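For reference, entry-v9.json is printed below; it contains JSON, C-alpha atoms.
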```
[["chain", "number", "residue", "atom", "x", "y", "z"],
["A", 1, "MET", "CA", 9.11, -50.03, -7.02],
["A", 2, "THR", "CA", 9.94, -46.64, -5.54],
["A", 3, "ALA", "CA", 7.27, -45.19, -3.28],
["A", 4, "PRO", "CA", 5.95, -41.74, -4.21],
["A", 5, "PRO", "CA", 7.34, -38.89, -2.08],
["A", 6, "ARG", "CA", 5.35, -37.86, 0.95],
["A", 7, "PRO", "CA", 3.47, -34.55, 0.61],
["A", 8, "ALA", "CA", 5.12, -31.56, 2.24],
["A", 9, "ARG", "CA", 2.98, -30.69, 5.25],
["A", 10, "ALA", "CA", 2.68, -27.09, 6.35],
["A", 11, "VAL", "CA", 3.36, -26.10, 9.93],
["A", 12, "ARG", "CA", 0.01, -26.40, 11.67],
["A", 13, "LEU", "CA", -1.42, -24.00, 14.22],
["A", 14, "GLY", "CA", -3.19, -24.60, 17.49],
["A", 15, "PRO", "CA", -6.11, -22.60, 18.89],
["A", 16, "ARG", "CA", -3.96, -20.11, 20.82],
["A", 17, "SER", "CA", -1.93, -19.37, 17.72],
["A", 18, "VAL", "CA", -5.07, -18.77, 15.68],
["A", 19, "ALA", "CA", -6.46, -16.51, 18.40],
["A", 20, "ALA", "CA", -3.21, -14.52, 18.51],
["A", 21, "LEU", "CA", -3.22, -14.12, 14.72],
["A", 22, "VAL", "CA", -6.83, -12.93, 14.72],
["A", 23, "LEU", "CA", -6.12, -10.48, 17.54],
["A", 24, "VAL", "CA", -3.03, -8.93, 16.01],
["A", 25, "SER", "CA", -4.69, -8.71, 12.58],
["A", 26, "ALA", "CA", -7.74, -6.98, 14.07],
["A", 27, "VAL", "CA", -5.56, -4.51, 15.96],
["A", 28, "GLY", "CA", -3.53, -3.97, 12.80],
["A", 29, "VAL", "CA", -6.64, -3.14, 10.77],
["A", 30, "MET", "CA", -7.70, -0.64, 13.42],
["A", 31, "ALA", "CA", -4.19, 0.81, 13.56],
["A", 32, "PHE", "CA", -4.18, 1.41, 9.82],
["A", 33, "GLY", "CA", -7.72, 2.71, 9.54],
["A", 34, "TRP", "CA", -8.43, 4.68, 12.70],
["A", 35, "PRO", "CA", -7.65, 8.14, 11.23],
["A", 36, "LEU", "CA", -10.44, 7.68, 8.68],
["A", 37, "LEU", "CA", -12.98, 7.24, 11.47],
["A", 38, "ALA", "CA", -11.62, 9.80, 13.96],
["A", 39, "ASP", "CA", -13.58, 12.94, 14.73],
["A", 40, "SER", "CA", -11.65, 16.16, 14.18],
["A", 41, "ALA", "CA", -12.53, 17.27, 17.73],
["A", 42, "SER", "CA", -11.57, 13.99, 19.41],
["A", 43, "GLY", "CA", -7.84, 14.69, 19.54],
["A", 44, "LEU", "CA", -7.08, 11.33, 17.92],
["A", 45, "ALA", "CA", -6.30, 12.62, 14.44],
["A", 46, "HIS", "CA", -2.98, 14.21, 15.35],
["A", 47, "SER", "CA", 0.41, 12.87, 14.36],
["A", 48, "GLN", "CA", 1.76, 13.11, 17.92],
["A", 49, "ASP", "CA", -0.62, 10.32, 18.97],
["A", 50, "ALA", "CA", 0.70, 7.89, 16.36],
["A", 51, "PRO", "CA", 3.93, 6.73, 18.09],
["A", 52, "TRP", "CA", 1.93, 5.34, 21.01],
["A", 53, "LEU", "CA", -0.06, 3.22, 18.62],
["A", 54, "PHE", "CA", 3.10, 2.10, 16.83],
["A", 55, "ALA", "CA", 4.70, 1.00, 20.10],
["A", 56, "ALA", "CA", 1.63, -1.09, 21.00],
["A", 57, "LEU", "CA", 1.97, -3.22, 17.86],
["A", 58, "LEU", "CA", 5.43, -4.64, 18.61],
["A", 59, "PRO", "CA", 4.39, -6.61, 21.75],
["A", 60, "LEU", "CA", 1.43, -8.02, 19.82],
["A", 61, "LEU", "CA", 3.68, -9.25, 17.03],
["A", 62, "LEU", "CA", 5.94, -10.85, 19.65],
["A", 63, "ALA", "CA", 2.88, -12.50, 21.22],
["A", 64, "VAL", "CA", 2.04, -14.17, 17.90],
["A", 65, "ALA", "CA", 5.53, -15.65, 17.64],
["A", 66, "VAL", "CA", 5.49, -16.85, 21.27],
["A", 67, "ALA", "CA", 2.03, -18.41, 20.92],
["A", 68, "THR", "CA", 3.06, -20.15, 17.72],
["A", 69, "VAL", "CA", 6.13, -21.65, 19.38],
["A", 70, "ALA", "CA", 4.34, -22.71, 22.58],
["A", 71, "ASP", "CA", 1.02, -23.87, 21.12],
["A", 72, "LYS", "CA", 0.15, -27.35, 19.92],
["A", 73, "PRO", "CA", -1.95, -28.38, 16.92],
["A", 74, "PRO", "CA", -4.92, -30.75, 17.22],
["A", 75, "ALA", "CA", -4.40, -34.26, 18.52],
["A", 76, "ASP", "CA", -4.45, -35.82, 15.04],
["A", 77, "ALA", "CA", -1.16, -34.06, 14.34],
["A", 78, "GLY", "CA", 0.61, -35.99, 17.08],
["A", 79, "GLY", "CA", 0.62, -33.23, 19.67],
["A", 80, "THR", "CA", 3.90, -31.78, 18.51],
["A", 81, "PRO", "CA", 4.56, -28.03, 18.90],
["A", 82, "SER", "CA", 3.53, -25.82, 16.01],
["A", 83, "LEU", "CA", 7.07, -24.49, 15.73],
["A", 84, "ASP", "CA", 9.63, -26.99, 16.96],
["A", 85, "ALA", "CA", 13.40, -26.59, 16.76],
["A", 86, "LYS", "CA", 13.45, -27.64, 13.09],
["A", 87, "ALA", "CA", 10.77, -25.13, 12.12],
["A", 88, "ILE", "CA", 12.49, -22.34, 14.05],
["A", 89, "ALA", "CA", 15.75, -23.13, 12.26],
["A", 90, "MET", "CA", 13.97, -22.95, 8.89],
["A", 91, "LEU", "CA", 12.32, -19.71, 9.98],
["A", 92, "GLY", "CA", 15.73, -18.21, 10.71],
["A", 93, "VAL", "CA", 17.18, -19.30, 7.36],
["A", 94, "LEU", "CA", 14.26, -17.99, 5.31],
["A", 95, "ALA", "CA", 14.06, -14.74, 7.28],
["A", 96, "ALA", "CA", 17.77, -14.17, 6.70],
["A", 97, "ALA", "CA", 17.34, -14.89, 2.98],
["A", 98, "GLY", "CA", 14.41, -12.48, 2.73],
["A", 99, "ALA", "CA", 16.30, -9.80, 4.63],
["A", 100, "ALA", "CA", 19.27, -10.20, 2.29],
["A", 101, "LEU", "CA", 17.07, -9.92, -0.81],
["A", 102, "ARG", "CA", 15.41, -6.65, 0.18],
["A", 103, "PRO", "CA", 18.49, -4.37, -0.05],
["A", 104, "LEU", "CA", 19.11, -5.57, -3.62],
["A", 105, "GLY", "CA", 16.41, -3.24, -4.89],
["A", 106, "ALA", "CA", 15.28, -1.12, -1.96],
["A", 107, "GLY", "CA", 14.64, 2.45, -2.98],
["A", 108, "THR", "CA", 14.81, 1.69, -6.71],
["A", 109, "ALA", "CA", 11.34, 2.22, -8.20],
["A", 110, "GLY", "CA", 9.76, -0.33, -5.85],
["A", 111, "ILE", "CA", 11.96, -3.26, -6.91],
["A", 112, "GLU", "CA", 11.77, -5.58, -3.89],
["A", 113, "PRO", "CA", 12.72, -9.20, -4.72],
["A", 114, "MET", "CA", 11.94, -10.44, -1.19],
["A", 115, "PHE", "CA", 8.22, -10.49, -2.01],
["A", 116, "PHE", "CA", 8.39, -13.55, -4.23],
["A", 117, "LEU", "CA", 10.25, -15.55, -1.53],
["A", 118, "MET", "CA", 7.73, -14.59, 1.15],
["A", 119, "VAL", "CA", 4.87, -15.69, -1.13],
["A", 120, "LEU", "CA", 6.47, -19.06, -1.98],
["A", 121, "ALA", "CA", 7.44, -19.79, 1.63],
["A", 122, "GLY", "CA", 3.94, -18.96, 2.87],
["A", 123, "ARG", "CA", 2.48, -21.24, 0.20],
["A", 124, "VAL", "CA", 4.58, -24.23, 1.27],
["A", 125, "LEU", "CA", 4.78, -23.74, 5.04],
["A", 126, "GLY", "CA", 1.31, -22.43, 5.79],
["A", 127, "PRO", "CA", -0.37, -19.20, 6.89],
["A", 128, "GLY", "CA", 0.82, -19.16, 10.51],
["A", 129, "PHE", "CA", 4.46, -19.80, 9.66],
["A", 130, "GLY", "CA", 4.11, -17.31, 6.80],
["A", 131, "PHE", "CA", 2.87, -14.51, 9.06],
["A", 132, "VAL", "CA", 5.72, -14.97, 11.52],
["A", 133, "LEU", "CA", 8.23, -15.28, 8.66],
["A", 134, "GLY", "CA", 7.05, -12.10, 6.92],
["A", 135, "SER", "CA", 7.19, -10.11, 10.15],
["A", 136, "VAL", "CA", 10.63, -11.40, 11.18],
["A", 137, "ALA", "CA", 12.09, -10.98, 7.68],
["A", 138, "MET", "CA", 10.90, -7.37, 7.49],
["A", 139, "PHE", "CA", 12.32, -6.63, 10.93],
["A", 140, "ALA", "CA", 15.68, -8.15, 9.99],
["A", 141, "SER", "CA", 15.78, -6.26, 6.69],
["A", 142, "ALA", "CA", 15.08, -3.00, 8.51],
["A", 143, "LEU", "CA", 18.14, -3.62, 10.68],
["A", 144, "LEU", "CA", 20.25, -4.22, 7.56],
["A", 145, "THR", "CA", 19.02, -1.18, 5.66],
["A", 146, "GLY", "CA", 18.71, 1.25, 8.57],
["A", 147, "GLY", "CA", 14.95, 1.43, 8.05],
["A", 148, "VAL", "CA", 13.96, 1.31, 11.72],
["A", 149, "GLY", "CA", 11.27, 3.86, 12.54],
["A", 150, "PRO", "CA", 7.64, 4.25, 13.56],
["A", 151, "TRP", "CA", 6.60, 2.70, 10.24],
["A", 152, "LEU", "CA", 8.39, -0.59, 10.96],
["A", 153, "PRO", "CA", 5.57, -2.35, 12.89],
["A", 154, "PHE", "CA", 3.22, -1.57, 10.02],
["A", 155, "GLN", "CA", 5.69, -2.97, 7.49],
["A", 156, "MET", "CA", 5.99, -6.11, 9.61],
["A", 157, "LEU", "CA", 2.22, -6.48, 9.77],
["A", 158, "SER", "CA", 1.77, -5.92, 6.04],
["A", 159, "MET", "CA", 4.49, -8.37, 5.05],
["A", 160, "GLY", "CA", 3.09, -10.90, 7.50],
["A", 161, "TRP", "CA", -0.30, -10.58, 5.82],
["A", 162, "VAL", "CA", 1.29, -11.02, 2.37],
["A", 163, "SER", "CA", 2.94, -14.30, 3.35],
["A", 164, "MET", "CA", -0.06, -15.49, 5.37],
["A", 165, "GLY", "CA", -2.36, -14.91, 2.40],
["A", 166, "ALA", "CA", -0.18, -17.14, 0.24],
["A", 167, "GLY", "CA", -0.63, -19.92, 2.79],
["A", 168, "LEU", "CA", -4.41, -19.56, 2.52],
["A", 169, "LEU", "CA", -4.52, -20.02, -1.27],
["A", 170, "PRO", "CA", -6.46, -23.09, -2.47],
["A", 171, "GLY", "CA", -5.02, -26.42, -3.58],
["A", 172, "PRO", "CA", -1.80, -26.64, -1.51],
["A", 173, "ASP", "CA", -1.60, -30.44, -1.93],
["A", 174, "LEU", "CA", -3.06, -30.87, -5.42],
["A", 175, "LEU", "CA", -2.19, -27.85, -7.54],
["A", 176, "ARG", "CA", 1.25, -28.16, -9.10],
["A", 177, "GLY", "CA", 3.23, -27.03, -12.13],
["A", 178, "ARG", "CA", 2.33, -24.09, -14.31],
["A", 179, "ARG", "CA", -1.12, -23.64, -12.81],
["A", 180, "GLU", "CA", 0.32, -23.22, -9.35],
["A", 181, "LEU", "CA", 2.96, -20.78, -10.59],
["A", 182, "ALA", "CA", 0.27, -18.80, -12.40],
["A", 183, "LEU", "CA", -1.81, -18.67, -9.20],
["A", 184, "LEU", "CA", 1.19, -17.57, -7.12],
["A", 185, "ALA", "CA", 2.26, -14.99, -9.70],
["A", 186, "ALA", "CA", -1.23, -13.48, -9.80],
["A", 187, "TYR", "CA", -1.45, -13.43, -6.02],
["A", 188, "GLY", "CA", 2.05, -11.96, -5.73],
["A", 189, "ALA", "CA", 1.18, -9.13, -8.11],
["A", 190, "LEU", "CA", -2.04, -8.34, -6.23],
["A", 191, "ALA", "CA", -0.33, -8.56, -2.84],
["A", 192, "ALA", "CA", 2.52, -6.29, -3.98],
["A", 193, "VAL", "CA", 0.06, -3.58, -5.04],
["A", 194, "LEU", "CA", -2.09, -3.95, -1.92],
["A", 195, "TYR", "CA", 1.03, -3.74, 0.25],
["A", 196, "GLY", "CA", 1.75, -0.31, -1.19],
["A", 197, "LEU", "CA", -1.84, 0.83, -0.73],
["A", 198, "VAL", "CA", -1.92, -0.27, 2.90],
["A", 199, "MET", "CA", 1.44, 1.29, 3.71],
["A", 200, "ASN", "CA", 0.26, 4.57, 2.16],
["A", 201, "LEU", "CA", -2.66, 4.53, 4.55],
["A", 202, "GLN", "CA", -0.22, 4.40, 7.45],
["A", 203, "GLY", "CA", 1.60, 7.60, 6.52],
["A", 204, "TRP", "CA", -0.90, 9.58, 4.48],
["A", 205, "PRO", "CA", -2.84, 11.20, 7.37],
["A", 206, "TYR", "CA", 0.36, 12.68, 8.84],
["A", 207, "ILE", "CA", 1.91, 14.20, 5.71],
["A", 208, "ALA", "CA", 1.44, 17.95, 5.68],
["A", 209, "GLY", "CA", 1.72, 20.44, 2.84],
["A", 210, "LEU", "CA", -0.18, 18.45, 0.23],
["A", 211, "ALA", "CA", -2.70, 19.89, -2.19],
["A", 212, "SER", "CA", -6.24, 19.89, -0.86],
["A", 213, "GLY", "CA", -7.37, 17.40, -3.50],
["A", 214, "VAL", "CA", -5.26, 14.58, -2.00],
["A", 215, "SER", "CA", -4.91, 15.65, 1.65],
["A", 216, "PHE", "CA", -6.46, 13.88, 4.61],
["A", 217, "VAL", "CA", -9.13, 16.00, 6.31],
["A", 218, "PRO", "CA", -9.91, 14.85, 9.88],
["A", 219, "GLY", "CA", -13.62, 14.52, 10.50],
["A", 220, "ASP", "CA", -14.63, 14.56, 6.82],
["A", 221, "PRO", "CA", -17.04, 11.87, 5.58],
["A", 222, "LEU", "CA", -15.37, 8.53, 4.99],
["A", 223, "HIS", "CA", -16.13, 8.42, 1.26],
["A", 224, "ASP", "CA", -14.56, 11.86, 0.73],
["A", 225, "ASN", "CA", -11.35, 10.87, 2.51],
["A", 226, "LEU", "CA", -11.22, 7.58, 0.64],
["A", 227, "ALA", "CA", -11.53, 9.41, -2.68],
["A", 228, "ARG", "CA", -8.66, 11.72, -1.72],
["A", 229, "TYR", "CA", -6.66, 8.72, -0.54],
["A", 230, "LEU", "CA", -7.03, 6.91, -3.87],
["A", 231, "ALA", "CA", -6.02, 10.09, -5.70],
["A", 232, "TYR", "CA", -2.97, 10.33, -3.44],
["A", 233, "CYS", "CA", -1.97, 6.71, -4.22],
["A", 234, "LEU", "CA", -2.35, 7.23, -7.96],
["A", 235, "ALA", "CA", -0.27, 10.39, -7.82],
["A", 236, "THR", "CA", 2.54, 9.19, -5.56],
["A", 237, "SER", "CA", 3.04, 5.44, -5.11],
["A", 238, "LEU", "CA", 1.64, 3.63, -8.12],
["A", 239, "GLY", "CA", 5.00, 4.05, -9.87],
["A", 240, "TRP", "CA", 6.55, 1.94, -7.10],
["A", 241, "ASP", "CA", 3.72, -0.54, -6.62],
["A", 242, "LEU", "CA", 3.51, -1.67, -10.26],
["A", 243, "PRO", "CA", 7.26, -2.38, -10.64],
["A", 244, "ARG", "CA", 7.14, -4.31, -7.36],
["A", 245, "ALA", "CA", 4.29, -6.40, -8.76],
["A", 246, "LEU", "CA", 6.11, -6.93, -12.07],
["A", 247, "VAL", "CA", 9.31, -8.07, -10.34],
["A", 248, "THR", "CA", 7.32, -10.49, -8.20],
["A", 249, "VAL", "CA", 5.61, -11.99, -11.26],
["A", 250, "VAL", "CA", 8.87, -12.35, -13.22],
["A", 251, "LEU", "CA", 10.75, -13.97, -10.31],
["A", 252, "THR", "CA", 7.86, -16.31, -9.56],
["A", 253, "ALA", "CA", 7.61, -17.40, -13.20],
["A", 254, "THR", "CA", 11.36, -17.94, -13.64],
["A", 255, "LEU", "CA", 12.53, -19.13, -10.22],
["A", 256, "GLY", "CA", 9.30, -20.28, -8.61],
["A", 257, "GLY", "CA", 9.50, -23.91, -9.71],
["A", 258, "PRO", "CA", 12.97, -24.70, -8.30],
["A", 259, "VAL", "CA", 12.33, -22.69, -5.12],
["A", 260, "LEU", "CA", 9.03, -24.48, -4.46],
["A", 261, "LYS", "CA", 10.70, -27.87, -4.98],
["A", 262, "ALA", "CA", 13.53, -26.95, -2.60],
["A", 263, "LEU", "CA", 11.13, -25.70, 0.07],
["A", 264, "ARG", "CA", 8.94, -28.79, -0.19],
["A", 265, "ARG", "CA", 11.94, -31.12, -0.08],
["A", 266, "ALA", "CA", 13.23, -29.38, 3.04],
["A", 267, "THR", "CA", 9.77, -29.52, 4.61],
["A", 268, "ARG", "CA", 9.42, -33.25, 3.93],
["A", 269, "ARG", "CA", 12.83, -33.98, 5.41],
["A", 270, "ALA", "CA", 12.11, -31.85, 8.45],
["A", 271, "ALA", "CA", 8.89, -33.85, 9.11],
["A", 272, "PHE", "CA", 7.50, -31.17, 11.42],
["A", 273, "GLU", "CA", 4.49, -33.23, 12.50],
["A", 274, "ALA", "CA", 6.14, -36.65, 12.82],
["A", 275, "PRO", "CA", 5.81, -37.92, 16.39],
["A", 276, "VAL", "CA", 9.03, -39.02, 18.07],
["A", 277, "SER", "CA", 8.97, -42.20, 20.18],
["A", 278, "PHE", "CA", 11.63, -44.02, 22.13],
["A", 279, "ALA", "CA", 11.83, -47.80, 22.25],
["A", 280, "PRO", "CA", 14.32, -50.09, 24.01],
["A", 281, "GLY", "CA", 16.80, -51.79, 21.75],
["A", 282, "THR", "CA", 18.19, -55.31, 21.97],
["A", 283, "PRO", "CA", 20.89, -55.82, 24.60],
["A", 284, "PRO", "CA", 24.40, -55.66, 23.16],
["A", 285, "ALA", "CA", 26.67, -58.66, 22.98],
["A", 286, "ALA", "CA", 29.34, -59.14, 25.60],
["A", 287, "GLY", "CA", 32.13, -56.62, 25.21],
["A", 288, "ALA", "CA", 30.14, -54.42, 22.85],
["A", 289, "THR", "CA", 30.32, -50.70, 23.42],
["A", 290, "GLU", "CA", 26.94, -49.83, 21.88],
["A", 291, "PRO", "CA", 24.36, -48.66, 24.44],
["A", 292, "ALA", "CA", 21.50, -50.98, 25.37],
["A", 293, "GLY", "CA", 18.76, -48.56, 24.30],
["A", 294, "ARG", "CA", 18.33, -46.88, 20.98],
["A", 295, "ALA", "CA", 16.06, -43.97, 20.16],
["A", 296, "ALA", "CA", 13.68, -44.66, 17.36],
["A", 297, "THR", "CA", 13.73, -42.16, 14.61],
["A", 298, "ALA", "CA", 10.71, -40.09, 13.71],
["A", 299, "ALA", "CA", 8.16, -41.98, 11.69],
["A", 300, "GLU", "CA", 8.22, -41.08, 8.04]]
```
Show me the file's structure as structure tokens.
Amino acid sequence: MTAPPRPARAVRLGPRSVAALVLVSAVGVMAFGWPLLADSASGLAHSQDAPWLFAALLPLLLAVAVATVADKPPADAGGTPSLDAKAIAMLGVLAAAGAALRPLGAGTAGIEPMFFLMVLAGRVLGPGFGFVLGSVAMFASALLTGGVGPWLPFQMLSMGWVSMGAGLLPGPDLLRGRRELALLAAYGALAAVLYGLVMNLQGWPYIAGLASGVSFVPGDPLHDNLARYLAYCLATSLGWDLPRALVTVVLTATLGGPVLKALRRATRRAAFEAPVSFAPGTPPAAGATEPAGRAATAAE
């Protein structure tokens, strides 16, 4: 009788990795939202101050990746690194695939097919791996499309949050089939719209020449600026956000099943958390060329 396949285990995170994720997410929230809370007389609500804040985000994103590679999960996971060589190789392959998908629709009414892959990969491989994957994939795609600029760290943060959120969805080991695809499609649509809203917040305070009804006014009450911000999003970016959400739903519904199976099969074979032990083998017979010791393979 054939044994049932082992569940695909996500890449687990240790305490330093969690702390790094919390830190960079908190700094990211402040980086996106600080203009709404800045006093007009403080000197903070000027566009010339923004590049310094942008430059501070890149080292923090690098710190998350380094902590994830160097950290170890709890002892019940065998003490293996959160991202070993196999996980880093998978990270490179998926980041390259995501970067290659983005130019297929970049600049065309918000059609960005990389979103569905980031959501599915985060679902299978976990929130920590998903955050690093989303950030690296966005960075690589910017190099391919020539989209490197002060907005890039914010794009990396936002895409990292999209993929991380997929890893936090309920039922990773139990929910399968159409229900899981429906959950991922709904999350992908919501995340695609929220991505556009968040990225608008990054650039909206520094865009001059807009009508007063949708312009950012430094020092105004928060609710007034938020009302103008929502009006700005409805007037400018909703035409890109909704197609992005629709493409994500369609790709998840049509290709999600095979992609999830492929990712889970690769994750099972990689056996990220399987401890590796070495045991002496039996001595070879006289004249044999096989070495006396043999490394035991990772436990299934």
Using all atoms listed in the file, which of the listed residues (A:Gln155, A:Thr236, A:Thr267, A:Ser163) sits closest to A:Ala140?
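Smallest distance to A:Ala140 is found for A:Gln155.
Among the candidates A:Pro153, A:Pro15, A:Gly126, A:Pro113, the residue lying nearest to A:Pro59 is A:Pro153 (atoms considered: all atoms listed in the file).
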Can you work out the spacing between atom CA of A:Gly196 and atom CA of A:Pro243 in Å, to one decimal?
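Atom-to-atom, atom CA of A:Gly196 and atom CA of A:Pro243 are spaced 11.1 Å apart.
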Interatomic distance, atom CA of A:Val249 to atom CA of A:Gly98 (Å, one decimal):
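So the two atoms, atom CA of A:Val249 and atom CA of A:Gly98, lie 16.5 Å apart.
Atom CA of A:Leu62 to atom CA of A:Val18 spans 14.1 Å [interatomic distance, one decimal].
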Counting all atoms listed in the file, what is within 12 Å of A:Leu234, bar same-chain residues fewer than 5 positions away, as a ChimeraX atom specification?
/A:193,196-197,200,214,227-229,239-242
Best match for closeness to A:Ala189 among A:His223, A:Arg244, A:Arg16, A:Arg265, counting all atoms listed in the file:
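When distances to A:Ala189 are compared using all atoms listed in the file, the smallest one comes from A:Arg244.
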Within 12 Å of A:Leu201 using all atoms listed in the file, minus same-chain residues under 4 positions, as a ChimeraX atom specification
/A:28-36,151,154-155,158,194-197,205-207,215-216,225-226,228-230,232-233,237
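Among A:Met199, A:Leu238, A:Leu94, A:Met164, the residue with the shortest atom-to-atom distance to A:Leu21, counting all atoms listed in the file, is A:Met164.
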